[in-house]
file model04.cif (mmCIF, C-alpha atoms)
data_input
loop_
_atom_site.label_atom_id
_atom_site.label_comp_id
_atom_site.auth_asym_id
_atom_site.auth_seq_id
_atom_site.Cartn_x
_atom_site.Cartn_y
_atom_site.Cartn_z
CA CYS A 877 -11.12 -5.00 -11.45
CA ASP A 878 -10.10 -7.75 -9.03
CA SER A 879 -8.63 -10.59 -11.09
CA THR A 880 -8.49 -12.97 -8.11
CA SER A 881 -11.22 -15.26 -6.84
CA GLY A 882 -12.01 -12.67 -4.16
CA ALA A 883 -13.89 -10.54 -6.71
CA ASN A 884 -13.43 -7.39 -4.63
CA HIS A 885 -14.10 -5.07 -7.56
CA GLY A 886 -13.91 -1.30 -7.24
CA ASP A 887 -15.88 1.74 -8.39
CA ALA A 888 -14.16 4.86 -9.69
CA THR A 889 -14.97 8.27 -8.24
CA SER A 890 -14.51 11.41 -10.40
CA MET A 891 -12.21 9.58 -12.82
CA GLU A 892 -12.21 10.06 -16.60
CA ALA A 893 -11.39 7.86 -19.56
CA GLY A 894 -7.99 9.53 -19.91
CA ASP A 895 -7.04 8.40 -16.40
CA GLN A 896 -6.55 4.85 -17.65
CA VAL A 897 -2.92 4.94 -18.82
CA ASP A 898 0.03 2.65 -19.42
CA GLY A 899 1.35 1.18 -16.19
CA LYS A 900 4.21 -0.91 -14.97
CA ILE A 901 2.29 -4.06 -15.93
CA GLY A 902 -0.26 -3.39 -18.64
CA GLY A 903 -2.61 -0.54 -17.70
CA SER A 904 -2.70 1.61 -14.58
CA LEU A 905 -4.81 4.43 -13.17
CA ASP A 906 -3.61 8.03 -13.00
CA PHE A 907 -5.01 9.90 -9.98
CA ASP A 908 -5.01 13.72 -9.80
CA GLY A 909 -4.50 14.15 -6.06
CA SER A 910 -7.81 15.94 -5.67
CA ALA A 911 -10.99 13.89 -5.78
CA GLU A 912 -10.13 10.80 -7.81
CA TYR A 913 -10.01 7.42 -6.08
CA ILE A 914 -11.28 3.83 -6.15
CA THR A 915 -13.74 2.45 -3.62
CA THR A 916 -14.02 -1.32 -3.36
CA VAL A 917 -15.90 -3.17 -0.63
CA ASP A 918 -15.62 -4.08 3.03
CA ILE A 919 -13.13 -6.93 2.60
CA GLY A 920 -14.04 -9.24 5.47
CA ALA A 921 -10.78 -11.19 5.29
CA ILE A 922 -8.90 -8.08 6.44
CA ASP A 923 -11.13 -7.39 9.42
CA THR A 924 -9.70 -8.89 12.61
CA ALA A 925 -6.66 -10.14 10.64
CA THR A 926 -3.52 -10.73 12.67
CA SER A 927 -1.20 -10.75 9.63
CA LEU A 928 -1.22 -8.62 6.49
CA THR A 929 0.92 -8.15 3.39
CA GLY A 930 0.14 -5.33 0.98
CA CYS A 931 1.90 -4.29 -2.23
CA ALA A 932 1.49 -1.92 -5.17
CA TRP A 933 3.42 -0.29 -7.97
CA VAL A 934 3.36 3.51 -7.54
CA ASN A 935 4.64 6.41 -9.65
CA HIS A 936 4.30 9.83 -8.02
CA ASP A 937 3.60 13.04 -9.95
CA THR A 938 4.56 15.10 -6.90
CA THR A 939 6.05 14.58 -3.46
CA SER A 940 4.70 17.76 -1.90
CA ASP A 941 1.84 16.15 0.05
CA ASP A 942 0.92 12.98 1.94
CA ASP A 943 -0.39 10.39 -0.53
CA VAL A 944 -2.45 7.35 0.45
CA ILE A 945 -1.69 4.27 -1.65
CA PHE A 946 -4.51 2.22 -0.13
CA ALA A 947 -6.37 2.07 3.15
CA LYS A 948 -9.10 0.35 5.11
CA ASN A 949 -9.61 2.56 8.11
CA ASN A 950 -11.90 4.72 10.21
CA SER A 951 -9.87 7.91 10.59
CA THR A 952 -6.86 6.83 12.67
CA THR A 953 -8.81 4.90 15.27
CA ASP A 954 -8.69 1.48 13.63
CA GLY A 955 -7.63 -0.40 10.51
CA MET A 956 -4.72 0.10 8.14
CA ILE A 957 -3.27 2.97 6.06
CA PHE A 958 -0.38 2.48 3.60
CA TYR A 959 0.90 5.83 2.35
CA ARG A 960 3.72 8.07 1.13
CA GLU A 961 4.49 10.61 3.82
CA GLU A 962 5.78 14.08 3.00
CA THR A 963 6.72 15.07 6.53
CA GLY A 964 6.94 12.23 9.00
CA ALA A 965 7.69 12.17 12.68
CA ALA A 966 11.37 11.61 11.95
CA ARG A 967 11.83 11.49 8.18
CA ASN A 968 10.64 13.12 4.94
CA ASP A 969 9.45 11.61 1.63
CA ASN A 970 9.13 8.14 3.12
CA TYR A 971 6.67 5.27 2.82
CA SER A 972 4.71 4.49 5.98
CA ILE A 973 2.36 1.84 7.30
CA TYR A 974 -0.09 2.59 10.11
CA VAL A 975 -2.12 -0.15 11.82
CA ALA A 976 -4.63 -0.04 14.67
CA GLU A 977 -6.87 -2.66 16.20
CA THR A 978 -10.64 -2.67 15.94
CA ASP A 979 -11.44 -0.86 19.18
CA GLY A 980 -8.74 1.77 18.66
CA THR A 981 -6.93 1.10 21.92
CA ALA A 982 -3.54 0.28 20.34
CA ASN A 983 -1.71 1.19 17.16
CA GLY A 984 1.67 1.04 15.47
CA THR A 985 3.48 3.02 12.76
CA LEU A 986 6.59 2.42 10.68
CA GLU A 987 8.34 4.98 8.46
CA SER A 988 10.85 3.94 5.81
CA VAL A 989 14.14 5.76 5.26
CA THR A 990 14.12 9.39 4.14
CA ASN A 991 13.77 10.12 0.40
CA ALA A 992 12.50 6.63 -0.39
CA SER A 993 9.80 8.13 -2.66
CA VAL A 994 10.72 10.11 -5.77
CA VAL A 995 8.85 11.75 -8.63
CA GLY A 996 8.37 10.03 -11.98
CA GLN A 997 9.72 6.56 -11.18
CA TRP A 998 7.83 3.30 -10.77
CA LYS A 999 8.51 1.71 -7.40
CA TYR A 1000 7.21 -1.55 -5.99
CA VAL A 1001 6.30 -0.84 -2.38
CA CYS A 1002 5.10 -3.43 0.13
CA PHE A 1003 4.42 -3.69 3.83
CA GLN A 1004 4.25 -6.67 6.14
CA ALA A 1005 2.35 -6.51 9.43
CA VAL A 1006 2.21 -9.12 12.19
CA ALA A 1007 0.17 -8.42 15.32
CA ASN A 1008 1.62 -8.34 18.83
CA SER A 1009 5.27 -8.21 17.84
CA ALA A 1010 8.08 -5.81 18.74
CA THR A 1011 9.32 -6.23 15.14
CA GLY A 1012 5.91 -6.72 13.55
CA LEU A 1013 6.02 -3.96 10.92
CA SER A 1014 8.28 -4.00 7.85
CA ILE A 1015 8.43 -2.10 4.56
CA TYR A 1016 9.94 -3.32 1.30
CA ILE A 1017 10.93 -1.10 -1.64
CA ASN A 1018 11.72 -2.73 -4.99
CA GLY A 1019 12.03 -6.10 -3.28
CA GLU A 1020 14.48 -4.99 -0.61
CA LYS A 1021 13.59 -4.76 3.07
CA ASP A 1022 13.91 -1.26 4.50
CA SER A 1023 16.41 -0.88 7.32
CA ASN A 1024 13.77 0.44 9.72
CA VAL A 1025 11.51 -1.92 11.68
CA GLY A 1026 8.33 -1.00 13.58
CA SER A 1027 6.49 -2.40 16.56
CA SER A 1028 2.92 -3.73 16.68
CA THR A 1029 3.07 -4.63 20.37
CA ASP A 1030 -0.40 -4.58 21.97
CA VAL A 1031 -2.10 -4.45 18.55
CA ASP A 1032 -4.21 -7.61 18.59
CA ASN A 1033 -5.67 -7.26 15.08
CA PHE A 1034 -5.87 -4.84 12.16
CA GLY A 1035 -9.64 -4.68 11.83
CA SER A 1036 -11.73 -1.73 10.70
CA ASP A 1037 -15.26 -3.07 11.11
CA ASN A 1038 -17.45 -1.99 8.17
CA ASP A 1039 -15.07 0.43 6.44
CA VAL A 1040 -14.38 -0.19 2.77
CA PHE A 1041 -11.01 -0.78 1.15
CA ASN A 1042 -10.02 2.31 -0.85
CA ILE A 1043 -7.23 2.96 -3.35
CA ALA A 1044 -5.56 6.40 -3.52
CA VAL A 1045 -7.47 7.81 -0.53
CA GLN A 1046 -8.33 7.03 3.08
CA SER A 1047 -11.51 5.04 3.70
CA ASN A 1048 -13.14 7.55 6.01
CA GLY A 1049 -12.84 11.30 5.49
CA LYS A 1050 -11.53 11.07 1.94
CA THR A 1051 -8.22 12.75 2.71
CA SER A 1052 -4.61 12.53 1.48
CA GLU A 1053 -5.54 11.64 -2.10
CA LEU A 1054 -2.62 10.33 -4.17
CA ASP A 1055 -1.26 12.36 -7.09
CA GLY A 1056 0.24 9.84 -9.48
CA LYS A 1057 -0.22 6.35 -10.89
CA ILE A 1058 -1.00 3.06 -9.17
CA ASP A 1059 -0.79 -0.43 -10.65
CA GLU A 1060 -1.23 -3.99 -9.35
CA VAL A 1061 -2.61 -3.41 -5.85
CA ARG A 1062 -2.55 -6.59 -3.80
CA ILE A 1063 -3.36 -7.35 -0.18
CA SER A 1064 -3.39 -10.64 1.71
CA ASN A 1065 -4.34 -11.63 5.25
CA SER A 1066 -1.04 -13.45 5.71
CA ALA A 1067 2.55 -12.36 6.27
CA HIS A 1068 4.48 -13.27 3.15
CA SER A 1069 8.21 -13.71 3.52
CA GLY A 1070 10.83 -11.31 2.27
CA ASP A 1071 11.82 -13.90 -0.34
CA TRP A 1072 8.22 -14.00 -1.60
CA ILE A 1073 8.12 -10.20 -1.91
CA ARG A 1074 11.48 -10.11 -3.67
CA THR A 1075 10.36 -12.82 -6.09
CA GLU A 1076 7.18 -10.89 -6.87
CA TYR A 1077 9.25 -7.79 -7.60
CA ASN A 1078 11.70 -9.64 -9.85
CA ASN A 1079 8.89 -11.40 -11.69
CA GLN A 1080 6.89 -8.24 -12.28
CA SER A 1081 9.70 -5.76 -12.96
CA LYS A 1082 11.54 -7.79 -15.63
CA PRO A 1083 9.60 -10.97 -16.40
CA SER A 1084 11.72 -11.79 -19.47
CA LEU A 1085 14.84 -11.98 -17.27
CA PHE A 1086 13.17 -13.75 -14.36
CA TYR A 1087 13.26 -17.22 -15.86
CA THR A 1088 14.24 -19.14 -18.98
CA ILE A 1089 12.61 -22.11 -20.67
CA GLY A 1090 14.52 -24.84 -22.45
#

call {"tool": "encode", "arguments": {"input": "model04.cif", "output": "structure tokens"}}
result
Amino acid sequence: CDSTSGANHGDATSMEAGDQVDGKIGGSLDFDGSAEYITTVDIGAIDTATSLTGCAWVNHDTTSDDDVIFAKNNSTTDGMIFYREETGAARNDNYSIYVAETDGTANGTLESVTNASVVGQWKYVCFQAVANSATGLSIYINGEKDSNVGSSTDVDNFGSDNDVFNIAVQSNGKTSELDGKIDEVRISNSAHSGDWIRTEYNNQSKPSLFYTIG
């Protein structure tokens, strides 16, 4: 359920009543890594976007496979894929963001540090993407910016035409299903600052310690 004014609600595929479990903030969904995922809609605000920020709380049951957190893509020819990568080009057990422009002529990828993802722990993972920038891709884990930075040079936008926004699986091909829990998925067609992401993490992870009244 989308609690914002966007009303981009999702439909569950192959999920059961027992898959709705306690999360980091209220309830979450527990995906089995096989055929369970959420399909929302073709979110027009993401298509042709030149800035994106995406975040989610994730808790992995296994780190033996690639796991998509959320995606709006047509294979790897356009759009965006945010995922946990088992074996990356340079690192293992990392979080990665892949972006490609609408016509598929340019793309960019960023991998976080090795062993960023672990089993059985809630982590707040975010990415920030800005088009046409040598430092346009960033990843944040538990409010802290990862030391690696990626390039989006020549990527003019992050559009994916009519593909839907999916949670726990790629949009097209239904591959790399996530095995674990996901809570509080959020995406915006703007590049929020590192301070904004850190504040969101602090507010959501320990709200009783985030502020005092009186």

call {"tool": "resolve_selection", "arguments": {"input": "model04.cif", "expression": "the PyMOL selection byres ((chain A and resi 1064) around 10)", "output": "list in words"}}
result
Ala921, Ile922, Ala925, Ser927, Leu928, Thr929, Gly930, Cys931, Gln1004, Arg1062, Ile1063, Asn1065, Ser1066, Ala1067 and His1068 of chain A

call {"tool": "resolve_selection", "arguments": {"input": "model04.cif", "expression": "the PyMOL selection byres ((chain A and resi 1043) around 6)", "output": "mmCIF file with C-alpha atoms, in the coordinates of the input"}}
result
data_model
loop_
_atom_site.group_PDB
_atom_site.id
_atom_site.type_symbol
_atom_site.label_atom_id
_atom_site.label_comp_id
_atom_site.auth_asym_id
_atom_site.auth_seq_id
_atom_site.Cartn_x
_atom_site.Cartn_y
_atom_site.Cartn_z
ATOM 1 C CA TYR A 913 -10.010 7.420 -6.080
ATOM 2 C CA ILE A 914 -11.280 3.830 -6.150
ATOM 3 C CA ILE A 945 -1.690 4.270 -1.650
ATOM 4 C CA PHE A 946 -4.510 2.220 -0.130
ATOM 5 C CA ASN A 1042 -10.020 2.310 -0.850
ATOM 6 C CA ALA A 1044 -5.560 6.400 -3.520
ATOM 7 C CA VAL A 1045 -7.470 7.810 -0.530
#

call {"tool": "residues_around", "arguments": {"input": "model04.cif", "residues": "Thr939 of chain A", "least_positions_apart": "2", "cutoff": "7 Å", "atoms": "all atoms listed in the file", "output": "number ranges by chain"}}
result
A: 936, 941, 962, 969, 994-995

call {"tool": "resolve_selection", "arguments": {"input": "model04.cif", "expression": "the PyMOL selection byres ((chain A and resi 894) around 12)", "output": "PDB file with C-alpha atoms, in the frame of the given file"}}
result
ATOM      1  CA  SER A 890     -14.510  11.410 -10.400  1.00  0.00           C
ATOM      2  CA  MET A 891     -12.210   9.580 -12.820  1.00  0.00           C
ATOM      3  CA  GLU A 892     -12.210  10.060 -16.600  1.00  0.00           C
ATOM      4  CA  ALA A 893     -11.390   7.860 -19.560  1.00  0.00           C
ATOM      5  CA  ASP A 895      -7.040   8.400 -16.400  1.00  0.00           C
ATOM      6  CA  GLN A 896      -6.550   4.850 -17.650  1.00  0.00           C
ATOM      7  CA  VAL A 897      -2.920   4.940 -18.820  1.00  0.00           C
ATOM      8  CA  ASP A 898       0.030   2.650 -19.420  1.00  0.00           C
ATOM      9  CA  GLY A 903      -2.610  -0.540 -17.700  1.00  0.00           C
ATOM     10  CA  SER A 904      -2.700   1.610 -14.580  1.00  0.00           C
ATOM     11  CA  LEU A 905      -4.810   4.430 -13.170  1.00  0.00           C
ATOM     12  CA  ASP A 906      -3.610   8.030 -13.000  1.00  0.00           C
ATOM     13  CA  PHE A 907      -5.010   9.900  -9.980  1.00  0.00           C
ATOM     14  CA  ASP A 908      -5.010  13.720  -9.800  1.00  0.00           C
TER      15      ASP A 908
END

call {"tool": "atom_distance", "arguments": {"input": "model04.cif", "atom1": "atom CA of Val1040 of chain A", "atom2": "atom CA of Gly909 of chain A"}}
result
19.5 Å

call {"tool": "residues_around", "arguments": {"input": "model04.cif", "residues": "Val934 of chain A", "least_positions_apart": "4", "cutoff": "9 Å", "atoms": "only C-alpha atoms", "output": "MDAnalysis selection string"}}
result
chainID A and resid 900 945 997:1001 1056:1060
